[in-house]
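J.: Here you go, input.pdb (PDB, C-alpha atoms):
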```pdb
ATOM      1  CA  MET O   1     -10.234   9.383 -28.093
ATOM      2  CA  GLU O   2     -10.506   5.682 -27.339
ATOM      3  CA  PRO O   3     -14.131   4.468 -27.229
ATOM      4  CA  PHE O   4     -15.411   3.438 -23.826
ATOM      5  CA  THR O   5     -18.021   0.714 -23.610
ATOM      6  CA  ARG O   6     -17.236  -1.408 -20.581
ATOM      7  CA  VAL O   7     -14.358  -1.922 -18.177
ATOM      8  CA  THR O   8     -13.660  -4.628 -15.634
ATOM      9  CA  GLY O   9     -10.767  -3.914 -13.314
ATOM     10  CA  VAL O  10      -9.531  -3.526  -9.784
ATOM     11  CA  LEU O  11     -11.441  -1.041  -7.654
ATOM     12  CA  ALA O  12      -9.152   1.304  -5.711
ATOM     13  CA  PRO O  13     -10.449   3.318  -2.734
ATOM     14  CA  LEU O  14      -9.362   6.901  -2.113
ATOM     15  CA  ASP O  15     -11.354   7.770   0.979
ATOM     16  CA  ARG O  16     -11.025  11.553   0.852
ATOM     17  CA  ALA O  17     -13.456  14.359   0.055
ATOM     18  CA  ASN O  18     -12.665  17.630  -1.728
ATOM     19  CA  VAL O  19      -9.661  16.263  -3.630
ATOM     20  CA  ASP O  20      -8.671  19.233  -5.759
ATOM     21  CA  THR O  21      -6.937  19.229  -9.114
ATOM     22  CA  ASP O  22      -3.646  20.428  -7.589
ATOM     23  CA  GLN O  23      -3.622  17.319  -5.419
ATOM     24  CA  ILE O  24      -4.411  15.162  -8.447
ATOM     25  CA  ILE O  25      -1.583  16.660 -10.549
ATOM     26  CA  PRO O  26       0.564  19.365  -8.918
ATOM     27  CA  LYS O  27       1.219  22.530 -10.899
ATOM     28  CA  GLN O  28       4.958  21.931 -11.447
ATOM     29  CA  PHE O  29       4.125  19.080 -13.836
ATOM     30  CA  LEU O  30       1.926  21.099 -16.182
ATOM     31  CA  LYS O  31       4.664  22.019 -18.647
ATOM     32  CA  ARG O  32       3.758  19.417 -21.255
ATOM     33  CA  ILE O  33       1.110  20.091 -23.893
ATOM     34  CA  GLU O  34       0.608  16.422 -24.764
ATOM     35  CA  ARG O  35      -2.046  14.410 -22.966
ATOM     36  CA  SER O  36       0.440  11.726 -21.959
ATOM     37  CA  GLY O  37       3.321  11.524 -19.532
ATOM     38  CA  TYR O  38       1.401  12.656 -16.431
ATOM     39  CA  GLY O  39       0.692   9.253 -14.866
ATOM     40  CA  PRO O  40       3.905   9.031 -12.823
ATOM     41  CA  PHE O  41       3.033  12.363 -11.164
ATOM     42  CA  LEU O  42      -0.559  11.518 -10.223
ATOM     43  CA  PHE O  43      -1.065  12.436  -6.534
ATOM     44  CA  TYR O  44       2.647  13.217  -6.432
ATOM     45  CA  ASP O  45       2.699  15.054  -3.087
ATOM     46  CA  TRP O  46       0.759  12.322  -1.289
ATOM     47  CA  ARG O  47       2.830   9.557  -2.865
ATOM     48  CA  ARG O  48       6.197  11.010  -1.891
ATOM     49  CA  VAL O  49       5.139  10.977   1.772
ATOM     50  CA  GLY O  50       4.783   7.195   1.448
ATOM     51  CA  ASP O  51       2.176   4.591   2.385
ATOM     52  CA  PHE O  52      -0.278   6.000  -0.167
ATOM     53  CA  ILE O  53      -3.265   3.739  -0.740
ATOM     54  CA  LEU O  54      -2.895   3.586  -4.529
ATOM     55  CA  ASP O  55       0.712   2.402  -4.177
ATOM     56  CA  LYS O  56      -0.283  -0.729  -2.266
ATOM     57  CA  PRO O  57       0.375  -3.827  -4.431
ATOM     58  CA  GLU O  58      -3.262  -4.940  -4.351
ATOM     59  CA  TYR O  59      -4.378  -1.674  -5.996
ATOM     60  CA  ARG O  60      -1.634  -1.356  -8.613
ATOM     61  CA  GLY O  61      -3.063  -1.383 -12.103
ATOM     62  CA  ALA O  62      -6.520  -0.361 -10.856
ATOM     63  CA  GLN O  63      -8.820   1.003 -13.547
ATOM     64  CA  VAL O  64     -11.656   2.201 -11.330
ATOM     65  CA  MET O  65     -11.389   4.533  -8.335
ATOM     66  CA  VAL O  66     -14.027   5.213  -5.723
ATOM     67  CA  THR O  67     -13.581   8.401  -3.770
ATOM     68  CA  GLY O  68     -15.269  11.116  -1.718
ATOM     69  CA  ALA O  69     -17.503  14.031  -2.620
ATOM     70  CA  ASN O  70     -16.430  16.992  -4.720
ATOM     71  CA  PHE O  71     -13.597  15.129  -6.438
ATOM     72  CA  GLY O  72     -11.698  17.337  -8.892
ATOM     73  CA  CYS O  73     -12.642  20.668  -7.352
ATOM     74  CA  GLY O  74     -10.268  23.607  -7.703
ATOM     75  CA  SER O  75      -8.578  24.845 -10.852
ATOM     76  CA  SER O  76      -9.722  23.999 -14.362
ATOM     77  CA  ARG O  77      -6.643  22.087 -15.515
ATOM     78  CA  GLU O  78      -7.400  19.347 -18.031
ATOM     79  CA  HIS O  79      -4.222  17.653 -16.883
ATOM     80  CA  ALA O  80      -6.089  16.222 -13.878
ATOM     81  CA  ALA O  81      -8.201  13.998 -16.101
ATOM     82  CA  TRP O  82      -5.216  13.272 -18.351
ATOM     83  CA  SER O  83      -3.078  12.145 -15.395
ATOM     84  CA  LEU O  84      -5.751   9.725 -14.183
ATOM     85  CA  LEU O  85      -6.083   8.262 -17.681
ATOM     86  CA  ASP O  86      -2.315   8.078 -18.100
ATOM     87  CA  ALA O  87      -2.093   6.179 -14.806
ATOM     88  CA  GLY O  88      -4.578   3.622 -16.159
ATOM     89  CA  PHE O  89      -7.868   4.779 -14.625
ATOM     90  CA  ARG O  90     -10.947   4.733 -16.877
ATOM     91  CA  VAL O  91     -13.612   5.437 -14.251
ATOM     92  CA  VAL O  92     -13.878   7.551 -11.095
ATOM     93  CA  ILE O  93     -16.911   6.985  -8.866
ATOM     94  CA  ALA O  94     -17.861   9.673  -6.352
ATOM     95  CA  PRO O  95     -20.951  11.345  -4.854
ATOM     96  CA  SER O  96     -20.092  14.544  -6.750
ATOM     97  CA  PHE O  97     -17.399  16.158  -8.889
ATOM     98  CA  GLY O  98     -16.009  19.592  -9.553
ATOM     99  CA  ASP O  99     -17.947  20.850 -12.584
ATOM    100  CA  ILE O 100     -14.970  21.600 -14.821
ATOM    101  CA  PHE O 101     -13.169  18.401 -13.876
ATOM    102  CA  LYS O 102     -16.301  16.455 -14.759
ATOM    103  CA  SER O 103     -16.605  17.964 -18.225
ATOM    104  CA  ASN O 104     -12.838  17.654 -18.826
ATOM    105  CA  SER O 105     -13.137  13.976 -17.909
ATOM    106  CA  PHE O 106     -15.923  13.350 -20.405
ATOM    107  CA  ARG O 107     -13.970  15.156 -23.122
ATOM    108  CA  SER O 108     -10.826  13.143 -22.389
ATOM    109  CA  GLY O 109     -12.370   9.673 -22.210
ATOM    110  CA  LEU O 110     -12.469   9.289 -18.421
ATOM    111  CA  LEU O 111     -15.918   8.305 -17.105
ATOM    112  CA  PRO O 112     -17.000  10.159 -13.947
ATOM    113  CA  VAL O 113     -19.899   8.314 -12.281
ATOM    114  CA  GLU O 114     -21.981  10.003  -9.612
ATOM    115  CA  LEU O 115     -23.675   7.703  -7.116
ATOM    116  CA  PRO O 116     -25.522   8.479  -3.880
ATOM    117  CA  GLU O 117     -23.358   8.624  -0.729
ATOM    118  CA  PRO O 118     -24.577   5.254   0.683
ATOM    119  CA  GLN O 119     -23.652   3.448  -2.544
ATOM    120  CA  VAL O 120     -20.241   5.096  -2.666
ATOM    121  CA  ALA O 121     -19.718   4.121   0.988
ATOM    122  CA  GLU O 122     -20.582   0.493   0.149
ATOM    123  CA  LEU O 123     -18.120   0.418  -2.757
ATOM    124  CA  MET O 124     -15.486   2.033  -0.513
ATOM    125  CA  ARG O 125     -16.101  -0.671   2.097
ATOM    126  CA  LEU O 126     -15.837  -3.470  -0.471
ATOM    127  CA  ALA O 127     -12.634  -2.078  -1.982
ATOM    128  CA  THR O 128     -11.068  -1.642   1.459
ATOM    129  CA  GLU O 129     -12.157  -4.953   2.987
ATOM    130  CA  GLU O 130     -11.535  -6.991  -0.167
ATOM    131  CA  PRO O 131      -8.375  -5.481  -1.678
ATOM    132  CA  GLY O 132      -7.937  -6.364  -5.315
ATOM    133  CA  MET O 133     -11.667  -6.887  -5.839
ATOM    134  CA  GLU O 134     -12.769  -6.273  -9.410
ATOM    135  CA  VAL O 135     -15.661  -4.089 -10.490
ATOM    136  CA  THR O 136     -17.406  -3.925 -13.846
ATOM    137  CA  VAL O 137     -18.626  -0.592 -15.169
ATOM    138  CA  ASP O 138     -20.829  -1.017 -18.231
ATOM    139  CA  LEU O 139     -21.485   2.311 -19.926
ATOM    140  CA  ALA O 140     -23.786   0.871 -22.587
ATOM    141  CA  ALA O 141     -26.059  -0.661 -19.940
ATOM    142  CA  GLN O 142     -25.302   2.086 -17.382
ATOM    143  CA  ARG O 143     -24.642  -0.565 -14.709
ATOM    144  CA  ILE O 144     -21.984  -1.158 -12.063
ATOM    145  CA  GLY O 145     -21.345  -4.531 -10.467
ATOM    146  CA  ALA O 146     -18.821  -5.566  -7.820
ATOM    147  CA  GLY O 147     -19.166  -8.640  -5.653
ATOM    148  CA  GLY O 148     -22.798  -8.637  -4.568
ATOM    149  CA  PHE O 149     -23.141  -4.920  -5.279
ATOM    150  CA  GLU O 150     -25.210  -3.923  -8.314
ATOM    151  CA  THR O 151     -26.566  -0.549  -9.302
ATOM    152  CA  SER O 152     -27.409   1.624 -12.268
ATOM    153  CA  PHE O 153     -26.146   5.132 -12.912
ATOM    154  CA  LYS O 154     -27.252   8.155 -14.881
ATOM    155  CA  ILE O 155     -25.191   9.996 -17.453
ATOM    156  CA  ASP O 156     -25.829  12.889 -19.805
ATOM    157  CA  PRO O 157     -26.925  11.251 -23.116
ATOM    158  CA  PHE O 158     -24.608  13.485 -25.153
ATOM    159  CA  TYR O 159     -21.503  12.486 -23.179
ATOM    160  CA  ARG O 160     -22.607   8.835 -23.174
ATOM    161  CA  GLU O 161     -22.767   8.823 -26.972
ATOM    162  CA  CYS O 162     -19.404  10.596 -27.241
ATOM    163  CA  LEU O 163     -17.711   8.093 -24.908
ATOM    164  CA  LEU O 164     -19.278   5.052 -26.561
ATOM    165  CA  ASN O 165     -18.088   6.241 -29.977
ATOM    166  CA  GLY O 166     -14.756   7.734 -28.897
ATOM    167  CA  TRP O 167     -15.708  11.196 -30.107
ATOM    168  CA  ASP O 168     -13.737  14.092 -28.696
ATOM    169  CA  GLU O 169     -14.367  17.686 -29.826
ATOM    170  CA  VAL O 170     -12.149  17.312 -32.901
ATOM    171  CA  ALA O 171     -13.967  14.136 -33.949
ATOM    172  CA  LEU O 172     -17.329  15.842 -33.409
ATOM    173  CA  THR O 173     -16.245  18.721 -35.643
ATOM    174  CA  LEU O 174     -14.928  16.392 -38.340
ATOM    175  CA  ARG O 175     -18.292  14.605 -38.420
ATOM    176  CA  ARG O 176     -19.617  17.862 -39.931
ATOM    177  CA  GLU O 177     -16.785  18.203 -42.448
ATOM    178  CA  THR O 178     -19.166  18.139 -45.439
ATOM    179  CA  ASP O 179     -21.344  20.878 -43.920
ATOM    180  CA  ILE O 180     -18.258  22.960 -43.125
ATOM    181  CA  ALA O 181     -17.005  22.625 -46.709
ATOM    182  CA  ARG O 182     -20.453  23.564 -48.067
ATOM    183  CA  TYR O 183     -20.534  26.631 -45.831
ATOM    184  CA  GLU O 184     -17.040  27.664 -46.902
ATOM    185  CA  THR O 185     -17.881  27.436 -50.624
ATOM    186  CA  ALA O 186     -21.008  29.564 -50.078
ATOM    187  CA  ARG O 187     -19.156  32.354 -48.289
ATOM    188  CA  PRO O 188     -18.580  35.599 -50.233
ATOM    189  CA  ALA O 189     -15.159  35.688 -51.904
ATOM    190  CA  TRP O 190     -14.247  38.963 -50.206
ATOM    191  CA  LEU O 191     -14.287  37.284 -46.762
ATOM    192  CA  PRO O 192     -11.049  35.661 -45.593
ATOM    193  CA  ALA O 193     -10.996  31.888 -45.950
ATOM    194  CA  ALA O 194     -11.316  29.919 -42.743
ATOM    195  CA  THR O 195      -9.672  26.873 -44.304
ATOM    196  CA  PRO O 196      -6.671  26.709 -46.661
TER
END
```
Go ahead and render the structure in this file as structure tokens.
T.:
Amino acid sequence: MEPFTRVTGVLAPLDRANVDTDQIIPKQFLKRIERSGYGPFLFYDWRRVGDFILDKPEYRGAQVMVTGANFGCGSSREHAAWSLLDAGFRVVIAPSFGDIFKSNSFRSGLLPVELPEPQVAELMRLATEEPGMEVTVDLAAQRIGAGGFETSFKIDPFYRECLLNGWDEVALTLRRETDIARYETARPAWLPAATP
């Protein structure tokens, strides 16, 4: 997983609440097992209708999205976080997230930031009234700045450390490789080996 320390990029507004994972990446595109290749299908059903906010030229290439409450509710598909990352987003800011989407995001390298409703509304206003405006999200300092807007945010210390270091679950396991090897050599010979 790519380490995340700080990102400065265009802030894109998606002024909708209760965006579920099927809206983020519809089920017909879940046939791949890789984490890549989902970006073109992000919000597919909304995009094919036309005039979708994220398709406006001023928001193309955005790396930060501000959106409504309960973003990522619905099914547990990891592909929702993967599709946002594959489309270039590194941060989603909302008042709240679906629990599983939130943990899938942390594990995939996408930073979900929860802010109080008034702060989200202010960022939404800025992104809408000043299209193409850039925002800086600094994970190390736990700060967000855009125009005259400045605030701090909270994050679980474990996920913060994982994101800063680029540790996914495989990397976390490999950090204990010596302990795993020591455990394996101490196991009774009559037990099946867990490693080749």
J.: What's the separation between atom CA of Gly145 of chain O and atom CA of Leu123 of chain O, in Å to one decimal place?
T.: 9.7 Å
J.: So that I can check the surroundings of Gly61 of chain O, please list as a PyMOL selection string every protein, DNA and RNA residue that reaches within 9 Å of it, counting all atoms listed in the file and ignoring chain neighbours fewer than 4 positions away.
T.: chain O and resi 9-10+57+87-89
J.: Hey, what comes out of the PyMOL selection byres ((chain O and resi 107-117) around 10) on this file? Could you write it as a PyMOL selection string?
T.: chain O and resi 1-4+35+64-66+68-69+71+78-79+81-82+84-85+88-97+101-106+118-123+137+139+142+144+151-155+159-160+162-164+166-169
J.: My list of candidates is O:Cys73, O:Ala140, O:Ala12, O:Leu42. Which is closest to Ile25 of chain O when distances are computed with only C-alpha atoms?
T.: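 Nearest candidate to Ile25 of chain O out of O:Cys73, O:Ala140, O:Ala12, O:Leu42: O:Leu42.
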J.: List every protein, DNA or RNA residue that has at least one atom no more than 12 Å from (-3.1, 24.2, -7.1) in the file's coordinates, counting all atoms listed in the file, and write the result as a list of chain:residue names.
T.: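 Every polymer residue passing the test: O:Val19, O:Asp20, O:Thr21, O:Asp22, O:Gln23, O:Ile24, O:Ile25, O:Pro26, O:Lys27, O:Gln28, O:Phe29, O:Leu30, O:Phe43, O:Asp45, O:Gly72, O:Cys73, O:Gly74, O:Ser75, O:Ser76, O:Arg77, O:His79, O:Ala80.
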J.: Next, dump the selected residues to file, keeping only C-alpha atoms, as a PDB file, in the frame of the given file.
T.:
```pdb
ATOM      1  CA  VAL O  19      -9.661  16.263  -3.630  1.00  0.00           C
ATOM      2  CA  ASP O  20      -8.671  19.233  -5.759  1.00  0.00           C
ATOM      3  CA  THR O  21      -6.937  19.229  -9.114  1.00  0.00           C
ATOM      4  CA  ASP O  22      -3.646  20.428  -7.589  1.00  0.00           C
ATOM      5  CA  GLN O  23      -3.622  17.319  -5.419  1.00  0.00           C
ATOM      6  CA  ILE O  24      -4.411  15.162  -8.447  1.00  0.00           C
ATOM      7  CA  ILE O  25      -1.583  16.660 -10.549  1.00  0.00           C
ATOM      8  CA  PRO O  26       0.564  19.365  -8.918  1.00  0.00           C
ATOM      9  CA  LYS O  27       1.219  22.530 -10.899  1.00  0.00           C
ATOM     10  CA  GLN O  28       4.958  21.931 -11.447  1.00  0.00           C
ATOM     11  CA  PHE O  29       4.125  19.080 -13.836  1.00  0.00           C
ATOM     12  CA  LEU O  30       1.926  21.099 -16.182  1.00  0.00           C
ATOM     13  CA  PHE O  43      -1.065  12.436  -6.534  1.00  0.00           C
ATOM     14  CA  ASP O  45       2.699  15.054  -3.087  1.00  0.00           C
ATOM     15  CA  GLY O  72     -11.698  17.337  -8.892  1.00  0.00           C
ATOM     16  CA  CYS O  73     -12.642  20.668  -7.352  1.00  0.00           C
ATOM     17  CA  GLY O  74     -10.268  23.607  -7.703  1.00  0.00           C
ATOM     18  CA  SER O  75      -8.578  24.845 -10.852  1.00  0.00           C
ATOM     19  CA  SER O  76      -9.722  23.999 -14.362  1.00  0.00           C
ATOM     20  CA  ARG O  77      -6.643  22.087 -15.515  1.00  0.00           C
ATOM     21  CA  HIS O  79      -4.222  17.653 -16.883  1.00  0.00           C
ATOM     22  CA  ALA O  80      -6.089  16.222 -13.878  1.00  0.00           C
TER      23      ALA O  80
END
```
J.: Can you measure atom CA of Leu11 of chain O to atom CA of Pro157 of chain O for me? One decimal in Å is fine.
T.: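 Result for atom CA of Leu11 of chain O versus atom CA of Pro157 of chain O: 25.1 Å, one decimal.
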J.: Distance atom CA of Val170 of chain O-atom CA of Ala62 of chain O, one decimal place?
T.: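 Between these atoms lies a distance of 28.8 Å.
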J.: What does the PyMOL selection byres ((chain O and resi 128) around 12) select in this file, as a ChimeraX atom specification?
T.: /O:10-15,53-54,56,58-59,65-67,121-127,129-134
